[in-house]
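Data first, discussion second: the structure below is written as structure tokens.
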Amino acid sequence: MNPFLITPVLREETTDWLTYFLAPTHERPHYKTSDEQLTFERIAVRVLGVPLDEVEYFNTLYEWHTGSEIHVLSEELDKRIDNQDFQLLQNILQKHRELPKGLSINRLVAMMYGAKLIPQHQDARLNRHLQLAVIDVIEQFQSQQTEGLLSNGFRRFLIDIVKWLKNHWIQWMETATPETPFPKVIWYGECTLSQQYFLLLLMKLGCDVAIFDPTGKDAFAAIDPEQTSSVIYDYGNTAPLQPFPTQIREVQATVGYRSTQQLERLIQDEQGIYRPWQYQHYEPHSVKLQHTYDDIFIYAKEPAMMRPGFKAQNPTVYIPTIFAKINGMSRDRADYWRRMHELLDLPHTLRIEKFPYAKESKANFRFHYEKSLVGGQLDAERMMQNDFWQYKDLTPEIQRAIALIIIDCCEQPSVQTLPGESNRELSITTLKQLSMLPKDILRMMQSFDYAQHIPKIIVYYDETLGQFSRADAILLSFLNRYGFDIIFYTPTGKQDIETYLDNEIYTLHRLDEMVFDKAFQERKKSASLIDKIRKRFFD
């Protein structure tokens, strides 16, 4: 006799997701049951951002929490585990670690089921369905996490899955049958790696799951990037993450307020029209701007929104940036210095006048690096909670942007490894150096409105500036990824940034002549009448 199959099918259409979320399973399209199989549509949606009426959004969450039909798991999560269950699971994990490749997933789940660490239903059909779903999720964890089931995060993941299945799933489904409507689950705000995989398990079991994040952050994208287990519904409007509501908000939006919100939404949707700090909750992502030498002085004056390639796709804003290395000098010295001085006159511009500029740390950062890992990978939230994090006085948006770009620099480095240095050692060094950004840089980051004028680092590197260091290279790589323009003049044409940085990240320009022993030329204090007229009418 063929086993009974329970087949939840993801509803991919998001237009009426809430209507179907609230509707009983048997009233949805494609519901079908027989002696061999049950097929039904499930709702799994990542709700990003907020609607124009934020009050209604939070009041709805509160009403769901106080009702009895929907489980707001983020607020109800029971983290307790029975000591006997904990010891049984520890024994299984010990056997798993003793084998070179660990236990097979089927064997691991069978041992857990035999030890009653996976809860057992009265209906045997649900027991088989639960075991298959657990195997499926563990297989996905193995394929997605570094070092798979032998990673440091697997123990935490397995303990959490066991306790939450017992504390929640079996409580909801203790007397259920496959035909019983499966639970409806809400998650609000941030979630850890284990919590994400538990939500994934609930989806595979057939629960309706809605994950809400008003900031527009899509944390679930890490384990479901192709939207095969859940789909995205994006309001296109974001709000800061607030504590889960504990009461109804008695606020009535005025007509003027609603009109303002609608106008801002229209401005956001209209390409080329931007309001100040519109993208402060977005994550900056640098895009290399292909440019000629002359293009530098054209686009450097333009705000980000006027550069080719600028776009915002929640939760990311893409910022076209200039990273130029200029070797030598043009024969027209006056033009060479005039152009450089014009760059230095632009707002939010810093000229580095001494190297090494970045402070170099000799501390052993391996412990801090290990404490910042979740599932074998650097995690932004864990990093920001670590003792070494010196940016806690910055806004949460800037802190998160810094953390994410540090992770990017560690995982996809532009800095070359030293002889005998492993990629992991380079990551630890990168994290260490970027944990102490200079004060001037932090102020520029705080003033950076992503759609507006781009911060700039200008360097005129002559022999008197000192030695450009690897710590400086790590800093420049980070700043370029954050969205800064970097223009590095080397009149001698000697190697400096090339020593440490991959040449793919910057554009090299060679001018007419290589010049030695030429100090930086300060701007003349008094301009001629002709210069004043030219600047007034033509610049």
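Residues in the structure tokens are named by chain (A, B, ... in the order shown) and by number from 1 within that chain; ligands are numbered from 1 in the order shown.
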
**Study point:** All residues 8 Å or closer to A:Ala304, only C-alpha atoms, same chain fewer than 5 positions away omitted, as a VMD selection string
**Key:** chain A and resid 310 319 to 320 450 to 454

What lies within 12 Å of A:Thr417 using only C-alpha atoms, ignoring chain neighbours under 2 positions off, as a PDB file with N, CA, C and O atoms, in the first residue's frame?
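Wrote it out as out.pdb, contents follow:
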ATOM      1  N   CYS A 410      35.050  40.971   3.917  1.00  0.00           N
ATOM      2  CA  CYS A 410      35.666  39.751   4.432  1.00  0.00           C
ATOM      3  C   CYS A 410      35.410  38.568   3.500  1.00  0.00           C
ATOM      4  O   CYS A 410      36.291  37.735   3.281  1.00  0.00           O
ATOM      5  N   GLN A 412      34.295  38.682   0.189  1.00  0.00           N
ATOM      6  CA  GLN A 412      34.704  38.926  -1.193  1.00  0.00           C
ATOM      7  C   GLN A 412      35.801  39.997  -1.199  1.00  0.00           C
ATOM      8  O   GLN A 412      35.590  41.119  -1.650  1.00  0.00           O
ATOM      9  N   PRO A 413      36.980  39.675  -0.691  1.00  0.00           N
ATOM     10  CA  PRO A 413      37.999  40.716  -0.487  1.00  0.00           C
ATOM     11  C   PRO A 413      38.557  41.261  -1.790  1.00  0.00           C
ATOM     12  O   PRO A 413      38.712  40.536  -2.775  1.00  0.00           O
ATOM     13  N   SER A 414      38.848  42.575  -1.792  1.00  0.00           N
ATOM     14  CA  SER A 414      39.576  43.210  -2.884  1.00  0.00           C
ATOM     15  C   SER A 414      41.045  43.367  -2.518  1.00  0.00           C
ATOM     16  O   SER A 414      41.850  43.770  -3.354  1.00  0.00           O
ATOM     17  N   VAL A 415      41.368  43.093  -1.256  1.00  0.00           N
ATOM     18  CA  VAL A 415      42.751  43.172  -0.772  1.00  0.00           C
ATOM     19  C   VAL A 415      43.419  41.823  -0.995  1.00  0.00           C
ATOM     20  O   VAL A 415      42.848  40.773  -0.695  1.00  0.00           O
ATOM     21  N   PRO A 419      51.830  36.301   1.245  1.00  0.00           N
ATOM     22  CA  PRO A 419      52.363  34.936   1.100  1.00  0.00           C
ATOM     23  C   PRO A 419      52.130  34.127   2.370  1.00  0.00           C
ATOM     24  O   PRO A 419      52.468  34.561   3.471  1.00  0.00           O
ATOM     25  N   GLY A 420      51.515  32.953   2.212  1.00  0.00           N
ATOM     26  CA  GLY A 420      51.254  32.080   3.348  1.00  0.00           C
ATOM     27  C   GLY A 420      50.017  32.441   4.143  1.00  0.00           C
ATOM     28  O   GLY A 420      49.687  31.760   5.117  1.00  0.00           O
ATOM     29  N   GLU A 421      49.328  33.509   3.770  1.00  0.00           N
ATOM     30  CA  GLU A 421      48.139  33.944   4.510  1.00  0.00           C
ATOM     31  C   GLU A 421      46.901  33.267   3.930  1.00  0.00           C
ATOM     32  O   GLU A 421      46.680  33.264   2.728  1.00  0.00           O
ATOM     33  N   SER A 422      46.057  32.713   4.800  1.00  0.00           N
ATOM     34  CA  SER A 422      44.822  32.068   4.354  1.00  0.00           C
ATOM     35  C   SER A 422      43.724  33.122   4.185  1.00  0.00           C
ATOM     36  O   SER A 422      43.828  34.247   4.699  1.00  0.00           O
ATOM     37  N   ASN A 423      42.672  32.747   3.482  1.00  0.00           N
ATOM     38  CA  ASN A 423      41.533  33.650   3.309  1.00  0.00           C
ATOM     39  C   ASN A 423      40.899  33.977   4.656  1.00  0.00           C
ATOM     40  O   ASN A 423      40.431  35.102   4.874  1.00  0.00           O
ATOM     41  N   ARG A 424      40.853  33.008   5.548  1.00  0.00           N
ATOM     42  CA  ARG A 424      40.270  33.252   6.868  1.00  0.00           C
ATOM     43  C   ARG A 424      41.107  34.261   7.657  1.00  0.00           C
ATOM     44  O   ARG A 424      40.564  35.150   8.325  1.00  0.00           O
ATOM     45  N   GLU A 425      42.427  34.139   7.570  1.00  0.00           N
ATOM     46  CA  GLU A 425      43.301  35.093   8.264  1.00  0.00           C
ATOM     47  C   GLU A 425      43.120  36.498   7.697  1.00  0.00           C
ATOM     48  O   GLU A 425      43.129  37.482   8.450  1.00  0.00           O
ATOM     49  N   LEU A 426      42.946  36.598   6.379  1.00  0.00           N
ATOM     50  CA  LEU A 426      42.673  37.907   5.779  1.00  0.00           C
ATOM     51  C   LEU A 426      41.348  38.461   6.273  1.00  0.00           C
ATOM     52  O   LEU A 426      41.233  39.663   6.555  1.00  0.00           O
ATOM     53  N   SER A 427      40.332  37.611   6.410  1.00  0.00           N
ATOM     54  CA  SER A 427      39.035  38.057   6.919  1.00  0.00           C
ATOM     55  C   SER A 427      39.153  38.593   8.342  1.00  0.00           C
ATOM     56  O   SER A 427      38.550  39.614   8.689  1.00  0.00           O
ATOM     57  N   ILE A 428      39.932  37.902   9.174  1.00  0.00           N
ATOM     58  CA  ILE A 428      40.115  38.351  10.563  1.00  0.00           C
ATOM     59  C   ILE A 428      40.828  39.702  10.583  1.00  0.00           C
ATOM     60  O   ILE A 428      40.444  40.613  11.331  1.00  0.00           O
ATOM     61  N   THR A 429      41.854  39.859   9.759  1.00  0.00           N
ATOM     62  CA  THR A 429      42.567  41.138   9.679  1.00  0.00           C
ATOM     63  C   THR A 429      41.638  42.246   9.186  1.00  0.00           C
ATOM     64  O   THR A 429      41.662  43.369   9.709  1.00  0.00           O
ATOM     65  N   THR A 430      40.821  41.938   8.195  1.00  0.00           N
ATOM     66  CA  THR A 430      39.893  42.937   7.655  1.00  0.00           C
ATOM     67  C   THR A 430      38.895  43.376   8.714  1.00  0.00           C
ATOM     68  O   THR A 430      38.640  44.577   8.897  1.00  0.00           O
ATOM     69  N   ARG A 470      48.894  48.498   4.239  1.00  0.00           N
ATOM     70  CA  ARG A 470      47.822  47.544   3.942  1.00  0.00           C
ATOM     71  C   ARG A 470      46.539  47.928   4.671  1.00  0.00           C
ATOM     72  O   ARG A 470      45.435  47.727   4.151  1.00  0.00           O
ATOM     73  N   ALA A 473      44.808  50.280   2.548  1.00  0.00           N
ATOM     74  CA  ALA A 473      44.162  49.608   1.421  1.00  0.00           C
ATOM     75  C   ALA A 473      42.833  48.990   1.847  1.00  0.00           C
ATOM     76  O   ALA A 473      41.824  49.070   1.121  1.00  0.00           O
ATOM     77  N   ILE A 474      42.795  48.372   3.024  1.00  0.00           N
ATOM     78  CA  ILE A 474      41.550  47.786   3.537  1.00  0.00           C
ATOM     79  C   ILE A 474      40.508  48.874   3.732  1.00  0.00           C
ATOM     80  O   ILE A 474      39.326  48.708   3.381  1.00  0.00           O
ATOM     81  N   THR A 499      49.975  47.635  -4.789  1.00  0.00           N
ATOM     82  CA  THR A 499      50.684  46.659  -3.953  1.00  0.00           C
ATOM     83  C   THR A 499      49.715  45.770  -3.189  1.00  0.00           C
ATOM     84  O   THR A 499      50.003  44.603  -2.930  1.00  0.00           O
ATOM     85  N   TYR A 500      48.550  46.327  -2.847  1.00  0.00           N
ATOM     86  CA  TYR A 500      47.625  45.612  -1.978  1.00  0.00           C
ATOM     87  C   TYR A 500      46.255  45.331  -2.614  1.00  0.00           C
ATOM     88  O   TYR A 500      45.588  44.370  -2.229  1.00  0.00           O
ATOM     89  N   LEU A 501      45.815  46.178  -3.549  1.00  0.00           N
ATOM     90  CA  LEU A 501      44.436  46.084  -4.050  1.00  0.00           C
ATOM     91  C   LEU A 501      44.375  45.416  -5.414  1.00  0.00           C
ATOM     92  O   LEU A 501      45.253  45.629  -6.264  1.00  0.00           O
ATOM     93  N   ASP A 502      43.331  44.626  -5.633  1.00  0.00           N
ATOM     94  CA  ASP A 502      43.090  44.051  -6.953  1.00  0.00           C
ATOM     95  C   ASP A 502      42.786  45.174  -7.940  1.00  0.00           C
ATOM     96  O   ASP A 502      42.021  46.098  -7.629  1.00  0.00           O
TER      97      ASP A 502
END

Practice item. Among the residues of stretch 284-326 of chain A, find those DSSP assigns to alpha helix (DSSP H) from the backbone and print them as a list in words. Key: Tyr293, Asp294, Asp295, Ile296, Phe297, Ile298 and Tyr299 of chain A

Contacts between stretch 138-157 of chain A and stretch 326-435 of chain A, please, where a residue of stretch 326-435 of chain A counts if it comes within 8 Å (with only C-alpha atoms); show its shortest atom pair and distance in Å to one decimal, rows by chain and ascending number, as CSV.
residue,atom,partner,partner_atom,distance
A:Val374,CA,A:Gly153,CA,6.1
A:Gly375,CA,A:Gly153,CA,4.0
A:Gly376,CA,A:Thr146,CA,5.7
A:Gln377,CA,A:Thr146,CA,7.1

Check your understanding: Can you list, as a list of chain:residue names, every protein, DNA or RNA residue that comes within 7 Å of A:Lys354 when you count only C-alpha atoms, leaving out same-chain residues fewer than 2 positions away?
Key -> A:Ile352, A:Pro356, A:Tyr357, A:Leu465, A:Gly466

Practice item. Give me the residues within 7 Å of stretch 323-326 of chain A as a ChimeraX atom specification, counting only C-alpha atoms and dropping any in the same chain fewer than 5 places off. Key: /A:485-490,506-510

Write the residues of the selection above to a file with N, CA, C and O atoms, as a PDB file, in the first residue's frame.
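Result written to again-v5.pdb:
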ATOM      1  N   ASP A 485      33.607  58.130  -3.434  1.00  0.00           N
ATOM      2  CA  ASP A 485      34.523  58.305  -4.557  1.00  0.00           C
ATOM      3  C   ASP A 485      35.945  58.350  -4.012  1.00  0.00           C
ATOM      4  O   ASP A 485      36.194  58.981  -2.967  1.00  0.00           O
ATOM      5  N   ILE A 486      36.878  57.721  -4.720  1.00  0.00           N
ATOM      6  CA  ILE A 486      38.287  57.751  -4.318  1.00  0.00           C
ATOM      7  C   ILE A 486      39.114  58.124  -5.542  1.00  0.00           C
ATOM      8  O   ILE A 486      39.033  57.459  -6.584  1.00  0.00           O
ATOM      9  N   ILE A 487      39.885  59.199  -5.414  1.00  0.00           N
ATOM     10  CA  ILE A 487      40.722  59.673  -6.519  1.00  0.00           C
ATOM     11  C   ILE A 487      42.141  59.791  -5.988  1.00  0.00           C
ATOM     12  O   ILE A 487      42.426  60.597  -5.104  1.00  0.00           O
ATOM     13  N   PHE A 488      43.022  58.961  -6.530  1.00  0.00           N
ATOM     14  CA  PHE A 488      44.366  58.780  -5.997  1.00  0.00           C
ATOM     15  C   PHE A 488      45.382  59.247  -7.036  1.00  0.00           C
ATOM     16  O   PHE A 488      45.590  58.593  -8.061  1.00  0.00           O
ATOM     17  N   TYR A 489      45.993  60.400  -6.772  1.00  0.00           N
ATOM     18  CA  TYR A 489      46.999  60.958  -7.682  1.00  0.00           C
ATOM     19  C   TYR A 489      48.388  60.461  -7.291  1.00  0.00           C
ATOM     20  O   TYR A 489      48.795  60.574  -6.134  1.00  0.00           O
ATOM     21  N   THR A 490      49.133  59.930  -8.265  1.00  0.00           N
ATOM     22  CA  THR A 490      50.519  59.544  -8.046  1.00  0.00           C
ATOM     23  C   THR A 490      51.359  60.154  -9.159  1.00  0.00           C
ATOM     24  O   THR A 490      51.489  59.556 -10.238  1.00  0.00           O
ATOM     25  N   TYR A 506      39.572  49.536  -9.441  1.00  0.00           N
ATOM     26  CA  TYR A 506      39.833  50.936  -9.766  1.00  0.00           C
ATOM     27  C   TYR A 506      40.183  51.060 -11.250  1.00  0.00           C
ATOM     28  O   TYR A 506      40.511  50.073 -11.924  1.00  0.00           O
ATOM     29  N   THR A 507      40.101  52.288 -11.754  1.00  0.00           N
ATOM     30  CA  THR A 507      40.441  52.571 -13.148  1.00  0.00           C
ATOM     31  C   THR A 507      41.745  53.346 -13.173  1.00  0.00           C
ATOM     32  O   THR A 507      41.881  54.367 -12.483  1.00  0.00           O
ATOM     33  N   LEU A 508      42.691  52.886 -13.968  1.00  0.00           N
ATOM     34  CA  LEU A 508      44.013  53.513 -14.043  1.00  0.00           C
ATOM     35  C   LEU A 508      44.066  54.486 -15.220  1.00  0.00           C
ATOM     36  O   LEU A 508      43.681  54.144 -16.341  1.00  0.00           O
ATOM     37  N   HIS A 509      44.534  55.708 -14.947  1.00  0.00           N
ATOM     38  CA  HIS A 509      44.715  56.720 -15.993  1.00  0.00           C
ATOM     39  C   HIS A 509      46.189  57.145 -15.998  1.00  0.00           C
ATOM     40  O   HIS A 509      46.756  57.438 -14.936  1.00  0.00           O
ATOM     41  N   ARG A 510      46.784  57.195 -17.183  1.00  0.00           N
ATOM     42  CA  ARG A 510      48.184  57.634 -17.310  1.00  0.00           C
ATOM     43  C   ARG A 510      48.212  58.963 -18.050  1.00  0.00           C
ATOM     44  O   ARG A 510      47.718  59.079 -19.178  1.00  0.00           O
TER      45      ARG A 510
END

Check your understanding: Which one of A:Glu75, A:Glu498, A:Glu411, A:Glu302 sits closest to A:Pro347 if you count only C-alpha atoms?
Key ->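 The answer is A:Glu302, which sits nearest to A:Pro347.
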
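For the set A:Ile458, A:Leu431, A:Met306, A:Ile6, the residue with the smallest atom-to-atom gap to A:Thr33 is A:Ile6, counting only C-alpha atoms.
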
Point to revise | Nearby residues (only C-alpha atoms) at most 7 Å from A:Val9, same-chain spacing under 2 positions excluded, as a list in words | key: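 My list of contacting residues is Thr7, Arg11, Phe40, Glu41 and Arg42 of chain A.
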
Check your understanding: Could you pull out all residues of stretch 22-159 of chain A with a DSSP call of strand (DSSP E or B) and give them as a PyMOL selection string?
Key -> chain A and resi 32-33+37-42+44-48+70-72

Take the selection from the previous step and output its residues with C-alpha atoms, as a PDB file, in the first residue's frame.
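Dumped to part_15.pdb:
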ATOM      1  CA  LYS A  32      -7.944  18.008  -3.211  1.00  0.00           C
ATOM      2  CA  THR A  33      -8.114  14.985  -0.937  1.00  0.00           C
ATOM      3  CA  GLN A  37      -3.029  12.146  -0.976  1.00  0.00           C
ATOM      4  CA  LEU A  38      -3.979  15.558   0.380  1.00  0.00           C
ATOM      5  CA  THR A  39      -3.036  18.592  -1.723  1.00  0.00           C
ATOM      6  CA  PHE A  40      -3.699  22.184  -0.697  1.00  0.00           C
ATOM      7  CA  GLU A  41      -2.404  25.711  -1.201  1.00  0.00           C
ATOM      8  CA  ARG A  42      -0.318  27.218   1.573  1.00  0.00           C
ATOM      9  CA  ALA A  44       4.124  31.850   2.841  1.00  0.00           C
ATOM     10  CA  VAL A  45       4.918  35.511   2.320  1.00  0.00           C
ATOM     11  CA  ARG A  46       7.719  37.879   3.375  1.00  0.00           C
ATOM     12  CA  VAL A  47       5.945  41.207   3.922  1.00  0.00           C
ATOM     13  CA  LEU A  48       8.529  43.953   3.511  1.00  0.00           C
ATOM     14  CA  ILE A  70      -3.181  33.111  14.613  1.00  0.00           C
ATOM     15  CA  HIS A  71       0.092  32.416  16.413  1.00  0.00           C
ATOM     16  CA  VAL A  72       2.444  35.423  16.577  1.00  0.00           C
TER      17      VAL A  72
END

Exercise for review: Check the smallest atom-to-atom distance from each of A:Val287, A:Leu52, A:Ile161, A:Ala176 to A:Leu199 using only C-alpha atoms, then report the winner.
Suggested key: A:Ile161

Check your understanding: Within 10 Å of A:Glu342, counting only C-alpha atoms, which residues qualify if same-chain residues fewer than 5 places away don't, as a list in words?
Key ->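 Here the answer would be Phe297, Ala300, Lys301, Trp337, Arg523 and Asp539 of chain A.
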
For C-alpha atoms, I'd like the residues from the last selection saved as a PDB file, in the first residue's frame.
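So the final result, stored in selection35.pdb, reads:
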ATOM      1  CA  PHE A 297      35.619  65.955 -13.252  1.00  0.00           C
ATOM      2  CA  ALA A 300      32.405  64.081  -9.437  1.00  0.00           C
ATOM      3  CA  LYS A 301      30.241  67.203  -9.302  1.00  0.00           C
ATOM      4  CA  TRP A 337      46.107  71.683 -10.461  1.00  0.00           C
ATOM      5  CA  ARG A 523      45.647  77.041  -4.298  1.00  0.00           C
ATOM      6  CA  ASP A 539      31.606  77.177 -13.218  1.00  0.00           C
TER       7      ASP A 539
END

Check your understanding: Using only C-alpha atoms, which of the listed residues (A:Ser74, A:Thr321, A:Ser330, A:Gln280) sits closest to A:Ile211?
Key ->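 Nearest candidate to A:Ile211 out of A:Ser74, A:Thr321, A:Ser330, A:Gln280: A:Ser74.
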
Practice item. Could you check which of A:Lys217, A:Arg80, A:Lys359, A:Lys371 is closest to A:Leu475, using only C-alpha atoms? Key: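 Nearest candidate to A:Leu475 out of A:Lys217, A:Arg80, A:Lys359, A:Lys371: A:Lys359.
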